[in-house]
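File shown: data_21.pdb (PDB, C-alpha atoms (C1' of nucleotides)).
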MODEL        1
ATOM      1  CA  MET A  30      30.695  93.447-115.984
ATOM      2  CA  ILE A  31      32.288  92.699-112.620
ATOM      3  CA  ARG A  32      31.088  89.716-110.614
ATOM      4  CA  ILE A  33      32.621  89.127-107.214
ATOM      5  CA  ASN A  34      31.535  86.651-104.570
ATOM      6  CA  ILE A  35      31.462  87.329-100.844
ATOM      7  CA  ASP A  36      34.788  85.615-100.234
ATOM      8  CA  LYS A  37      36.650  87.954-102.575
ATOM      9  CA  VAL A  38      34.941  91.043-101.142
ATOM     10  CA  SER A  39      35.752  89.831 -97.656
ATOM     11  CA  LYS A  40      39.432  89.516 -98.540
ATOM     12  CA  LYS A  41      39.529  92.775-100.517
ATOM     13  CA  PHE A  42      38.354  94.822 -97.550
ATOM     14  CA  ASN A  43      39.594  92.594 -94.767
ATOM     15  CA  LEU A  44      36.056  92.325 -93.429
ATOM     16  CA  SER A  45      34.525  89.012 -92.388
ATOM     17  CA  LYS A  46      31.790  87.543 -94.568
ATOM     18  CA  ASP A  47      29.527  87.659 -91.555
ATOM     19  CA  THR A  48      30.151  91.366 -91.185
ATOM     20  CA  LEU A  49      29.276  91.939 -94.833
ATOM     21  CA  ARG A  50      26.031  89.972 -94.424
ATOM     22  CA  TYR A  51      25.305  91.827 -91.194
ATOM     23  CA  TRP A  52      25.837  95.234 -92.792
ATOM     24  CA  GLU A  53      23.521  94.312 -95.623
ATOM     25  CA  ARG A  54      20.902  92.923 -93.262
ATOM     26  CA  VAL A  55      20.702  96.054 -91.111
ATOM     27  CA  GLY A  56      20.449  98.310 -94.161
ATOM     28  CA  LEU A  57      23.936  99.675 -94.227
ATOM     29  CA  LEU A  58      24.508  98.337 -97.725
ATOM     30  CA  PRO A  59      22.023  98.110-100.576
ATOM     31  CA  SER A  60      20.632  94.640-101.270
ATOM     32  CA  VAL A  61      23.251  92.797-103.232
ATOM     33  CA  HIS A  62      22.182  91.005-106.395
ATOM     34  CA  ARG A  63      22.073  87.184-106.218
ATOM     35  CA  ASN A  64      23.074  84.680-108.880
ATOM     36  CA  ALA A  65      20.985  81.668-109.948
ATOM     37  CA  SER A  66      21.993  79.754-106.811
ATOM     38  CA  GLY A  67      21.062  82.564-104.463
ATOM     39  CA  TYR A  68      24.697  83.522-103.850
ATOM     40  CA  ARG A  69      25.648  87.178-103.442
ATOM     41  CA  ASP A  70      27.128  88.656-106.602
ATOM     42  CA  TYR A  71      28.738  92.030-105.883
ATOM     43  CA  ASP A  72      29.115  94.624-108.659
ATOM     44  CA  GLN A  73      31.240  97.763-108.842
ATOM     45  CA  LYS A  74      28.500  99.863-107.261
ATOM     46  CA  ASP A  75      28.349  97.534-104.257
ATOM     47  CA  ILE A  76      32.122  97.587-103.944
ATOM     48  CA  ASN A  77      32.136 101.371-103.811
ATOM     49  CA  TRP A  78      29.432 101.456-101.175
ATOM     50  CA  ILE A  79      31.503  99.116 -99.073
ATOM     51  CA  LEU A  80      34.541 101.344 -99.552
ATOM     52  CA  TYR A  81      32.707 104.350 -98.109
ATOM     53  CA  VAL A  82      30.884 102.527 -95.390
ATOM     54  CA  ASN A  83      34.117 100.932 -94.282
ATOM     55  CA  ALA A  84      35.913 104.278 -94.292
ATOM     56  CA  LEU A  85      33.201 105.818 -92.137
ATOM     57  CA  ARG A  86      33.137 102.834 -89.782
ATOM     58  CA  ASN A  87      36.915 103.041 -89.397
ATOM     59  CA  ALA A  88      36.495 106.697 -88.591
ATOM     60  CA  GLY A  89      34.151 105.764 -85.766
ATOM     61  CA  MET A  90      30.727 106.468 -87.234
ATOM     62  CA  SER A  91      28.112 104.323 -85.497
ATOM     63  CA  ILE A  92      26.024 101.775 -87.373
ATOM     64  CA  GLU A  93      22.874 103.697 -86.502
ATOM     65  CA  ARG A  94      24.177 106.954 -87.931
ATOM     66  CA  LEU A  95      25.563 105.191 -90.980
ATOM     67  CA  ILE A  96      22.169 103.672 -91.699
ATOM     68  CA  GLU A  97      20.646 107.173 -91.585
ATOM     69  CA  PHE A  98      23.465 108.387 -93.781
ATOM     70  CA  VAL A  99      23.100 105.600 -96.326
ATOM     71  CA  GLN A 100      19.305 105.861 -96.372
ATOM     72  CA  SER A 101      19.314 109.615 -97.009
ATOM     73  CA  TYR A 102      21.813 109.016 -99.766
ATOM     74  CA  ARG A 103      19.593 106.672-101.626
ATOM     75  CA  LEU A 104      16.514 108.861-101.481
ATOM     76  CA  GLU A 105      17.206 111.246-104.349
ATOM     77  CA  ASP A 106      14.459 113.549-103.103
ATOM     78  CA  SER A 107      13.622 116.295-100.645
ATOM     79  CA  SER A 108      16.064 115.079 -98.019
ATOM     80  CA  ASN A 109      18.936 117.037 -99.535
ATOM     81  CA  ASP A 110      19.171 119.286 -96.518
ATOM     82  CA  LYS A 111      19.144 116.359 -94.175
ATOM     83  CA  ARG A 112      21.918 114.670 -96.107
ATOM     84  CA  LYS A 113      24.100 117.766 -96.078
ATOM     85  CA  HIS A 114      23.349 118.262 -92.394
ATOM     86  CA  LEU A 115      24.424 114.707 -91.625
ATOM     87  CA  LEU A 116      27.682 115.184 -93.505
ATOM     88  CA  ILE A 117      28.514 118.424 -91.690
ATOM     89  CA  GLU A 118      27.537 117.003 -88.331
ATOM     90  CA  GLN A 119      29.623 113.888 -88.751
ATOM     91  CA  ARG A 120      32.611 115.910 -89.967
ATOM     92  CA  GLN A 121      32.420 117.926 -86.748
ATOM     93  CA  VAL A 122      32.350 114.739 -84.683
ATOM     94  CA  LEU A 123      35.505 113.588 -86.450
ATOM     95  CA  ILE A 124      37.210 116.968 -85.982
ATOM     96  CA  ASP A 125      36.443 116.846 -82.255
ATOM     97  CA  GLU A 126      37.806 113.317 -82.029
ATOM     98  CA  VAL A 127      40.991 114.362 -83.792
ATOM     99  CA  HIS A 128      41.443 117.187 -81.268
ATOM    100  CA  GLU A 129      40.912 114.860 -78.331
ATOM    101  CA  ARG A 130      43.438 112.415 -79.746
ATOM    102  CA  GLU A 131      45.982 115.156 -80.472
ATOM    103  CA  LYS A 132      45.739 116.353 -76.884
ATOM    104  CA  THR A 133      46.352 112.851 -75.645
ATOM    105  CA  ILE A 134      49.202 112.292 -78.130
ATOM    106  CA  ASN A 135      50.866 115.390 -76.672
ATOM    107  CA  TYR A 136      50.380 114.075 -73.185
ATOM    108  CA  LEU A 137      51.846 110.688 -74.079
ATOM    109  CA  SER A 138      54.767 112.370 -75.844
ATOM    110  CA  TYR A 139      55.458 114.372 -72.735
ATOM    111  CA  LYS A 140      55.428 111.223 -70.648
ATOM    112  CA  ILE A 141      57.724 109.442 -73.090
ATOM    113  CA  ASP A 142      60.181 112.342 -73.220
ATOM    114  CA  HIS A 143      60.296 112.623 -69.440
ATOM    115  CA  PHE A 144      60.305 108.911 -68.953
ATOM    116  CA  GLU A 145      63.497 108.750 -66.917
ATOM    117  CA  ASP A 146      62.468 111.660 -64.751
ATOM    118  CA  HIS A 147      61.283 110.009 -61.573
ATOM    119  CA  THR A 148      60.574 113.315 -59.888
ATOM    120  CA  LEU A 149      57.390 113.722 -61.937
ATOM    121  CA  THR A 150      54.378 114.052 -59.722
ATOM    122  CA  TYR A 151      50.722 113.748 -60.571
ATOM    123  CA  GLU A 152      50.602 117.522 -60.388
ATOM    124  CA  ASN A 153      53.362 117.933 -62.948
ATOM    125  CA  GLU A 154      51.643 115.566 -65.310
ATOM    126  CA  LYS A 155      48.346 117.320 -64.947
ATOM    127  CA  LEU A 156      50.039 120.582 -65.840
ATOM    128  CA  ALA A 157      51.648 118.958 -68.869
ATOM    129  CA  TYR A 158      48.318 117.696 -70.098
ATOM    130  CA  ASP A 159      46.573 121.004 -69.520
ATOM    131  CA  TYR A 160      49.416 122.956 -71.099
ATOM    132  CA  ASN A 161      49.246 120.957 -74.284
ATOM    133  CA  SER A 162      45.517 121.258 -74.232
ATOM    134  CA  ASN A 163      45.539 125.048 -73.998
ATOM    135  CA  ASP A 164      48.304 125.173 -76.563
ATOM    136  CA  LYS A 165      45.952 123.613 -79.068
ATOM    137  CA  LYS A 166      43.093 125.974 -78.377
ATOM    138  CA  GLU A 167      42.515 128.398 -81.247
TER
ATOM    139  CA  MET B  18      43.633 117.837 -47.238
ATOM    140  CA  ILE B  19      41.055 117.389 -49.957
ATOM    141  CA  ARG B  20      38.024 115.211 -49.334
ATOM    142  CA  ILE B  21      35.561 114.694 -52.157
ATOM    143  CA  ASN B  22      32.664 112.295 -52.284
ATOM    144  CA  ILE B  23      31.623 110.296 -55.332
ATOM    145  CA  ASP B  24      28.881 112.719 -56.276
ATOM    146  CA  LYS B  25      31.281 115.639 -56.605
ATOM    147  CA  VAL B  26      33.786 113.578 -58.593
ATOM    148  CA  SER B  27      30.995 112.383 -60.840
ATOM    149  CA  LYS B  28      29.963 115.960 -61.564
ATOM    150  CA  LYS B  29      33.533 117.235 -61.914
ATOM    151  CA  PHE B  30      34.330 114.741 -64.697
ATOM    152  CA  ASN B  31      30.851 114.227 -66.059
ATOM    153  CA  LEU B  32      31.155 110.509 -65.397
ATOM    154  CA  SER B  33      28.387 108.524 -63.739
ATOM    155  CA  LYS B  34      28.941 107.270 -60.209
ATOM    156  CA  ASP B  35      28.440 103.758 -61.534
ATOM    157  CA  THR B  36      31.238 104.281 -64.037
ATOM    158  CA  LEU B  37      33.581 105.487 -61.286
ATOM    159  CA  ARG B  38      32.756 102.430 -59.166
ATOM    160  CA  TYR B  39      33.140 100.180 -62.207
ATOM    161  CA  TRP B  40      36.537 101.617 -63.086
ATOM    162  CA  GLU B  41      37.717 101.117 -59.528
ATOM    163  CA  ARG B  42      36.353  97.575 -59.409
ATOM    164  CA  VAL B  43      38.130  96.412 -62.572
ATOM    165  CA  GLY B  44      41.448  97.907 -61.459
ATOM    166  CA  LEU B  45      41.510 100.966 -63.620
ATOM    167  CA  LEU B  46      41.725 103.231 -60.591
ATOM    168  CA  PRO B  47      43.563 102.603 -57.321
ATOM    169  CA  SER B  48      41.377 101.641 -54.366
ATOM    170  CA  VAL B  49      39.871 104.822 -53.066
ATOM    171  CA  HIS B  50      40.081 105.500 -49.343
ATOM    172  CA  ARG B  51      36.831 105.151 -47.381
ATOM    173  CA  ASN B  52      35.624 107.285 -44.503
ATOM    174  CA  ALA B  53      34.241 105.954 -41.200
ATOM    175  CA  SER B  54      30.928 105.100 -42.862
ATOM    176  CA  GLY B  55      32.512 103.181 -45.724
ATOM    177  CA  TYR B  56      31.908 105.978 -48.215
ATOM    178  CA  ARG B  57      34.495 106.717 -50.901
ATOM    179  CA  ASP B  58      36.667 109.688 -50.017
ATOM    180  CA  TYR B  59      38.671 110.823 -53.040
ATOM    181  CA  ASP B  60      41.940 112.709 -52.562
ATOM    182  CA  GLN B  61      44.002 114.768 -55.016
ATOM    183  CA  LYS B  62      45.928 111.704 -56.148
ATOM    184  CA  ASP B  63      42.709 109.890 -57.023
ATOM    185  CA  ILE B  64      41.421 112.930 -58.888
ATOM    186  CA  ASN B  65      44.544 113.055 -61.002
ATOM    187  CA  TRP B  66      44.310 109.367 -61.830
ATOM    188  CA  ILE B  67      40.771 109.921 -62.984
ATOM    189  CA  LEU B  68      41.890 112.838 -65.127
ATOM    190  CA  TYR B  69      44.372 110.670 -67.007
ATOM    191  CA  VAL B  70      42.240 107.604 -67.258
ATOM    192  CA  ASN B  71      39.377 109.695 -68.577
ATOM    193  CA  ALA B  72      41.648 111.382 -71.135
ATOM    194  CA  LEU B  73      42.855 108.012 -72.393
ATOM    195  CA  ARG B  74      39.333 106.591 -72.475
ATOM    196  CA  ASN B  75      38.146 109.608 -74.467
ATOM    197  CA  ALA B  76      41.006 109.001 -76.852
ATOM    198  CA  GLY B  77      39.717 105.481 -77.395
ATOM    199  CA  MET B  78      42.031 103.367 -75.255
ATOM    200  CA  SER B  79      40.279 100.141 -74.256
ATOM    201  CA  ILE B  80      39.634  99.252 -70.628
ATOM    202  CA  GLU B  81      41.844  96.189 -70.975
ATOM    203  CA  ARG B  82      44.811  98.208 -72.251
ATOM    204  CA  LEU B  83      44.224 100.888 -69.660
ATOM    205  CA  ILE B  84      44.333  98.315 -66.884
ATOM    206  CA  GLU B  85      47.707  97.143 -68.204
ATOM    207  CA  PHE B  86      48.798 100.739 -68.444
ATOM    208  CA  VAL B  87      47.682 101.637 -64.941
ATOM    209  CA  GLN B  88      49.104  98.439 -63.429
ATOM    210  CA  SER B  89      52.538  98.956 -64.975
ATOM    211  CA  TYR B  90      52.438 102.497 -63.680
ATOM    212  CA  ARG B  91      51.952 101.490 -60.115
ATOM    213  CA  LEU B  92      54.707  98.919 -60.067
ATOM    214  CA  GLU B  93      57.715 101.148 -59.518
ATOM    215  CA  ASP B  94      60.052  98.323 -60.483
ATOM    216  CA  SER B  95      61.601  96.490 -63.406
ATOM    217  CA  SER B  96      58.651  97.080 -65.708
ATOM    218  CA  ASN B  97      60.018 100.437 -66.842
ATOM    219  CA  ASP B  98      60.599  99.138 -70.335
ATOM    220  CA  LYS B  99      57.117  97.730 -70.530
ATOM    221  CA  ARG B 100      55.652 101.008 -69.372
ATOM    222  CA  LYS B 101      57.561 103.000 -71.940
ATOM    223  CA  HIS B 102      56.643 100.477 -74.604
ATOM    224  CA  LEU B 103      52.961 100.783 -73.751
ATOM    225  CA  LEU B 104      53.152 104.557 -73.993
ATOM    226  CA  ILE B 105      54.848 104.492 -77.387
ATOM    227  CA  GLU B 106      52.523 101.814 -78.697
ATOM    228  CA  GLN B 107      49.399 103.649 -77.620
ATOM    229  CA  ARG B 108      50.676 106.905 -79.057
ATOM    230  CA  GLN B 109      51.075 105.177 -82.412
ATOM    231  CA  VAL B 110      47.525 103.845 -82.213
ATOM    232  CA  LEU B 111      46.279 107.381 -81.648
ATOM    233  CA  ILE B 112      48.400 108.758 -84.513
ATOM    234  CA  ASP B 113      46.976 106.125 -86.857
ATOM    235  CA  GLU B 114      43.451 106.948 -85.738
ATOM    236  CA  VAL B 115      44.043 110.638 -86.351
ATOM    237  CA  HIS B 116      45.210 109.850 -89.885
ATOM    238  CA  GLU B 117      42.176 107.690 -90.570
ATOM    239  CA  ARG B 118      39.876 110.442 -89.322
ATOM    240  CA  GLU B 119      41.678 113.142 -91.306
ATOM    241  CA  LYS B 120      41.232 111.100 -94.473
ATOM    242  CA  THR B 121      37.547 110.786 -93.776
ATOM    243  CA  ILE B 122      37.232 114.477 -92.871
ATOM    244  CA  ASN B 123      38.692 115.282 -96.299
ATOM    245  CA  TYR B 124      36.257 112.927 -97.932
ATOM    246  CA  LEU B 125      33.304 114.481 -96.117
ATOM    247  CA  SER B 126      34.550 117.977 -96.964
ATOM    248  CA  TYR B 127      34.714 117.029-100.603
ATOM    249  CA  LYS B 128      31.157 115.711-100.443
ATOM    250  CA  ILE B 129      29.950 118.869 -98.686
ATOM    251  CA  ASP B 130      31.684 121.170-101.174
ATOM    252  CA  HIS B 131      30.278 119.271-104.141
ATOM    253  CA  PHE B 132      26.918 118.839-102.560
ATOM    254  CA  GLU B 133      24.906 120.439-105.356
ATOM    255  CA  ASP B 134      26.788 118.516-108.016
ATOM    256  CA  HIS B 135      24.401 115.747-108.939
ATOM    257  CA  THR B 136      26.713 114.402-111.616
ATOM    258  CA  LEU B 137      28.916 112.808-108.937
ATOM    259  CA  THR B 138      29.187 109.102-109.467
ATOM    260  CA  TYR B 139      30.479 106.440-107.139
ATOM    261  CA  GLU B 140      33.631 106.417-109.240
ATOM    262  CA  ASN B 141      34.170 110.153-108.786
ATOM    263  CA  GLU B 142      33.715 109.852-105.078
ATOM    264  CA  LYS B 143      36.117 106.969-104.845
ATOM    265  CA  LEU B 144      38.710 109.045-106.654
ATOM    266  CA  ALA B 145      38.088 111.946-104.283
ATOM    267  CA  TYR B 146      38.634 109.747-101.286
ATOM    268  CA  ASP B 147      41.751 108.153-102.693
ATOM    269  CA  TYR B 148      43.104 111.488-103.805
ATOM    270  CA  ASN B 149      42.794 112.982-100.365
ATOM    271  CA  SER B 150      44.267 109.859 -98.931
ATOM    272  CA  ASN B 151      47.337 109.961-101.170
ATOM    273  CA  ASP B 152      47.578 113.681-100.630
ATOM    274  CA  LYS B 153      48.096 113.063 -96.975
ATOM    275  CA  LYS B 154      50.785 110.467 -97.456
ATOM    276  CA  GLU B 155      54.098 112.025 -96.484
TER
ATOM    277  C1'  DA C   8      11.781 109.610 -34.292
ATOM    278  C1'  DC C   9      11.048 109.862 -38.898
ATOM    279  C1'  DT C  10      11.459 111.038 -43.631
ATOM    280  C1'  DT C  11      14.393 112.133 -47.445
ATOM    281  C1'  DG C  12      18.360 111.404 -49.693
ATOM    282  C1'  DC C  13      22.732 110.147 -49.746
ATOM    283  C1'  DC C  14      26.066 105.987 -49.799
ATOM    284  C1'  DT C  15      27.379 100.771 -50.052
ATOM    285  C1'  DT C  16      27.500  95.963 -52.441
ATOM    286  C1'  DG C  17      26.586  92.043 -55.558
ATOM    287  C1'  DG C  18      24.425  90.792 -59.298
ATOM    288  C1'  DA C  19      21.463  91.243 -63.170
ATOM    289  C1'  DG C  20      20.366  93.827 -67.389
ATOM    290  C1'  DT C  21      21.462  96.673 -71.605
ATOM    291  C1'  DA C  22      23.423  98.480 -76.067
ATOM    292  C1'  DC C  23      26.317  97.891 -79.718
ATOM    293  C1'  DA C  24      28.479  95.347 -83.249
ATOM    294  C1'  DC C  25      29.439  91.651 -84.521
ATOM    295  C1'  DT C  26      30.243  86.243 -84.416
ATOM    296  C1'  DT C  27      28.998  81.572 -84.185
ATOM    297  C1'  DC C  28      25.902  77.835 -84.926
ATOM    298  C1'  DA C  29      22.710  74.670 -87.147
ATOM    299  C1'  DA C  30      20.607  72.978 -91.028
ATOM    300  C1'  DG C  31      20.682  72.652 -95.526
ATOM    301  C1'  DG C  32      21.534  73.763-100.700
ATOM    302  C1'  DT C  33      25.495  74.261-104.524
ATOM    303  C1'  DT C  34      29.929  73.769-106.823
ATOM    304  C1'  DT C  35      34.329  71.642-107.669
ATOM    305  C1'  DA C  36      37.672  68.156-107.653
ATOM    306  C1'  DT C  37      38.615  63.290-107.747
TER
ATOM    307  C1'  DA D   1      28.981  59.966-107.469
ATOM    308  C1'  DT D   2      30.749  61.338-103.494
ATOM    309  C1'  DA D   3      33.545  64.183-100.512
ATOM    310  C1'  DA D   4      35.289  68.754 -99.606
ATOM    311  C1'  DA D   5      34.524  73.293 -99.761
ATOM    312  C1'  DC D   6      31.697  76.716-100.855
ATOM    313  C1'  DC D   7      27.153  79.402-100.182
ATOM    314  C1'  DT D   8      22.391  80.491 -97.804
ATOM    315  C1'  DT D   9      19.231  81.769 -93.618
ATOM    316  C1'  DG D  10      17.450  82.626 -88.903
ATOM    317  C1'  DA D  11      18.594  82.577 -84.470
ATOM    318  C1'  DA D  12      21.409  82.291 -80.614
ATOM    319  C1'  DG D  13      25.824  83.600 -78.465
ATOM    320  C1'  DT D  14      29.837  86.820 -77.351
ATOM    321  C1'  DG D  15      32.709  90.771 -75.724
ATOM    322  C1'  DT D  16      32.992  95.402 -74.183
ATOM    323  C1'  DA D  17      31.673  98.839 -71.213
ATOM    324  C1'  DC D  18      28.816 100.250 -68.836
ATOM    325  C1'  DT D  19      23.979 100.830 -66.361
ATOM    326  C1'  DC D  20      20.408  99.586 -63.383
ATOM    327  C1'  DC D  21      18.357  97.291 -59.417
ATOM    328  C1'  DA D  22      17.545  95.513 -54.751
ATOM    329  C1'  DA D  23      18.507  95.537 -50.081
ATOM    330  C1'  DG D  24      20.282  97.876 -46.649
ATOM    331  C1'  DG D  25      23.384 101.262 -43.900
ATOM    332  C1'  DC D  26      24.327 106.294 -42.841
ATOM    333  C1'  DA D  27      23.305 111.516 -42.561
ATOM    334  C1'  DA D  28      20.739 115.788 -42.217
ATOM    335  C1'  DG D  29      16.578 118.336 -41.574
ATOM    336  C1'  DT D  30      12.062 118.829 -39.020
TER
ENDMDL
END
For the file at hand, write its structure as structure tokens.
Amino acid sequence: MIRINIDKVSKKFNLSKDTLRYWERVGLLPSVHRNASGYRDYDQKDINWILYVNALRNAGMSIERLIEFVQSYRLEDSSNDKRKHLLIEQRQVLIDEVHEREKTINYLSYKIDHFEDHTLTYENEKLAYDYNSNDKKE
Amino acid sequence: MIRINIDKVSKKFNLSKDTLRYWERVGLLPSVHRNASGYRDYDQKDINWILYVNALRNAGMSIERLIEFVQSYRLEDSSNDKRKHLLIEQRQVLIDEVHEREKTINYLSYKIDHFEDHTLTYENEKLAYDYNSNDKKE
DNA sequence: ACTTGCCTTGGAGTACACTTCAAGGTTTAT
DNA sequence: ATAAACCTTGAAGTGTACTCCAAGGCAAGT
């Protein structure tokens, strides 16, 4: 039986204690069990929730969407379709964000490679950005 | 000679007029030329700035960093090293964000593929996430 | 000339996601 | 047994990036 206090969880995930309390308060984490003194007493299940929630937060999922996500997860009922829909939808958001970032990485790489080239005009740079962008299409 | 008012620019980039004014005010765009009536009168150079700034904003660069970035750009002087450093640093940020999102995309894909599998435990999911994560390393 | 609809500014308001504070109870070390 | 270092809560405060509002000037159609 694992028993971890908020300080250890905070350090484990590099999240502030206040953030952990906030996430719990807004319904992003299940209610954590308390010990005799009213202190939070995290178990393995809680730790795993935090792992996923943190991963999705780091990937840019909003609190609001994560609450939806977490809620649908914990209702082992008719909301199966909704849950799957949320997963697919959020994956697409992440895929789009990756594409946007890859485009911009290409643009920055171009700028870095041509750094000494002072003849670059705004027009040239625009072309570079658009070229990389089209390159990625398909 | 191109002359575009704020409404056209707003529509071209799908940015609100208030956002364009805000960006200009905080130093994220160069001061836009005004016509006889004091109205903003964007030229090709301004349009290209907006293209880049918008690309970097969409890729998650903060306003504060973008101001630095834009400032260093417009000082055609000794800050070459700083400019290059900023470019390389921001590219790395974007690369890291892409990796984080790819990990999470894998995790979501795993969840979607095993959607009907009700025997999945927190432990199994954790392993799936970590597996994908390690998979991606190198 | 007048109405409608642009544009301007400064400043106030909003949304999101924490973060800090105040007041007080608990545990640990001396 | 007392101080230092934890924990709790509710509520207020903060930072970022807009977003909206009020008051007023300018432009185009009737």
So the first atom is CA of His114 in chain A and the second is CA of Arg86 in chain A; what is the distance between them in Å, to one decimal place?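 CA of Arg86 in chain A lies at a distance of 18.5 Å from CA of His114 in chain A.
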Could you work out how far CA of Gly44 in chain B lies from CA of Val127 in chain A, giving the answer in Å with one decimal?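 Atom-to-atom, CA of Val127 in chain A and CA of Gly44 in chain B are spaced 27.7 Å apart.
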When you look at range 24-33 of chain C with a cut-off of 12 Å (counting only C-alpha atoms (C1' of nucleotides)), what residues show up, excluding the ones that are within fewer than 2 positions of it in the same chain? I need them as a JSON list (two decimals) with C-alpha atoms (C1' of nucleotides), in the coordinates of the input.
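Once everything was written out, this is result06.json:
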[["chain", "number", "residue", "atom", "x", "y", "z"],
["A", 44, "LEU", "CA", 36.06, 92.32, -93.43],
["A", 45, "SER", "CA", 34.52, 89.01, -92.39],
["A", 46, "LYS", "CA", 31.79, 87.54, -94.57],
["A", 47, "ASP", "CA", 29.53, 87.66, -91.56],
["A", 48, "THR", "CA", 30.15, 91.37, -91.18],
["A", 49, "LEU", "CA", 29.28, 91.94, -94.83],
["A", 50, "ARG", "CA", 26.03, 89.97, -94.42],
["A", 51, "TYR", "CA", 25.30, 91.83, -91.19],
["A", 52, "TRP", "CA", 25.84, 95.23, -92.79],
["A", 55, "VAL", "CA", 20.70, 96.05, -91.11],
["A", 64, "ASN", "CA", 23.07, 84.68, -108.88],
["A", 65, "ALA", "CA", 20.98, 81.67, -109.95],
["A", 66, "SER", "CA", 21.99, 79.75, -106.81],
["A", 67, "GLY", "CA", 21.06, 82.56, -104.46],
["A", 68, "TYR", "CA", 24.70, 83.52, -103.85],
["A", 86, "ARG", "CA", 33.14, 102.83, -89.78],
["A", 91, "SER", "CA", 28.11, 104.32, -85.50],
["A", 92, "ILE", "CA", 26.02, 101.78, -87.37],
["A", 93, "GLU", "CA", 22.87, 103.70, -86.50],
["C", 22, "DA", "C1'", 23.42, 98.48, -76.07],
["C", 35, "DT", "C1'", 34.33, 71.64, -107.67],
["D", 5, "DA", "C1'", 34.52, 73.29, -99.76],
["D", 6, "DC", "C1'", 31.70, 76.72, -100.86],
["D", 7, "DC", "C1'", 27.15, 79.40, -100.18],
["D", 8, "DT", "C1'", 22.39, 80.49, -97.80],
["D", 9, "DT", "C1'", 19.23, 81.77, -93.62],
["D", 10, "DG", "C1'", 17.45, 82.63, -88.90],
["D", 11, "DA", "C1'", 18.59, 82.58, -84.47],
["D", 12, "DA", "C1'", 21.41, 82.29, -80.61],
["D", 13, "DG", "C1'", 25.82, 83.60, -78.46],
["D", 14, "DT", "C1'", 29.84, 86.82, -77.35],
["D", 15, "DG", "C1'", 32.71, 90.77, -75.72],
["D", 16, "DT", "C1'", 32.99, 95.40, -74.18]]
Can you check which parts of chain D lie within 9 Å of chain B? Per residue, the shortest pair of atoms and distance in Å to one decimal, counting all atoms listed in the file, sorted by chain and number, as CSV.
residue,atom,partner,partner_atom,distance
D:DT16,C1',B:Ile80,CA,8.5
D:DA17,C1',B:Ile80,CA,8.0
D:DC18,C1',B:Thr36,CA,6.7
D:DT19,C1',B:Asp35,CA,7.2
D:DG25,C1',B:Ser54,CA,8.5
D:DC26,C1',B:Ser54,CA,6.7
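For chain C, the residues no farther than 12 Å from chain B when using only C-alpha atoms (C1' of nucleotides) are DC13, DC14, DT15, DT16 and DG17 of chain C.
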Residue hits in chain A, query chain B, radius 7 Å, all atoms listed in the file, as a PyMOL selection string: chain A and resi 74+77+84-85+88+113+116+120+123+127+129-130+133-134+137+141+151+155
Could you tell me how far C1' of DA19 in chain C sits from CA of Arg82 in chain B, in Å to one decimal place?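 According to the coordinates, CA of Arg82 in chain B and C1' of DA19 in chain C are separated by 26.0 Å.
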Shortest interatomic distance to DT30 in chain D - which of C:DG18, C:DT10, C:DC23, C:DA36, counting all atoms listed in the file: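 Nearest to DT30 in chain D: C:DT10.
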Just add N, CA and C atoms to range 62-72 of chain B and send it as a CSV table (one decimal), in the coordinates of the input.
chain,number,residue,atom,x,y,z
B,62,LYS,N,45.3,112.7,-55.4
B,62,LYS,CA,45.9,111.7,-56.1
B,62,LYS,C,44.9,110.9,-57.0
B,63,ASP,N,43.8,110.6,-56.3
B,63,ASP,CA,42.7,109.9,-57.0
B,63,ASP,C,42.2,110.7,-58.2
B,64,ILE,N,42.0,112.0,-57.9
B,64,ILE,CA,41.4,112.9,-58.9
B,64,ILE,C,42.3,113.0,-60.1
B,65,ASN,N,43.6,113.0,-59.9
B,65,ASN,CA,44.5,113.1,-61.0
B,65,ASN,C,44.5,111.8,-61.8
B,66,TRP,N,44.4,110.6,-61.1
B,66,TRP,CA,44.3,109.4,-61.8
B,66,TRP,C,43.1,109.4,-62.8
B,67,ILE,N,42.0,109.9,-62.2
B,67,ILE,CA,40.8,109.9,-63.0
B,67,ILE,C,40.9,110.8,-64.2
B,68,LEU,N,41.6,111.9,-64.0
B,68,LEU,CA,41.9,112.8,-65.1
B,68,LEU,C,42.6,112.1,-66.3
B,69,TYR,N,43.6,111.4,-66.0
B,69,TYR,CA,44.4,110.7,-67.0
B,69,TYR,C,43.6,109.5,-67.6
B,70,VAL,N,43.0,108.7,-66.8
B,70,VAL,CA,42.2,107.6,-67.3
B,70,VAL,C,41.1,108.1,-68.2
B,71,ASN,N,40.5,109.1,-67.8
B,71,ASN,CA,39.4,109.7,-68.6
B,71,ASN,C,39.9,110.2,-69.9
B,72,ALA,N,41.0,110.9,-69.9
B,72,ALA,CA,41.6,111.4,-71.1
B,72,ALA,C,41.9,110.2,-72.1
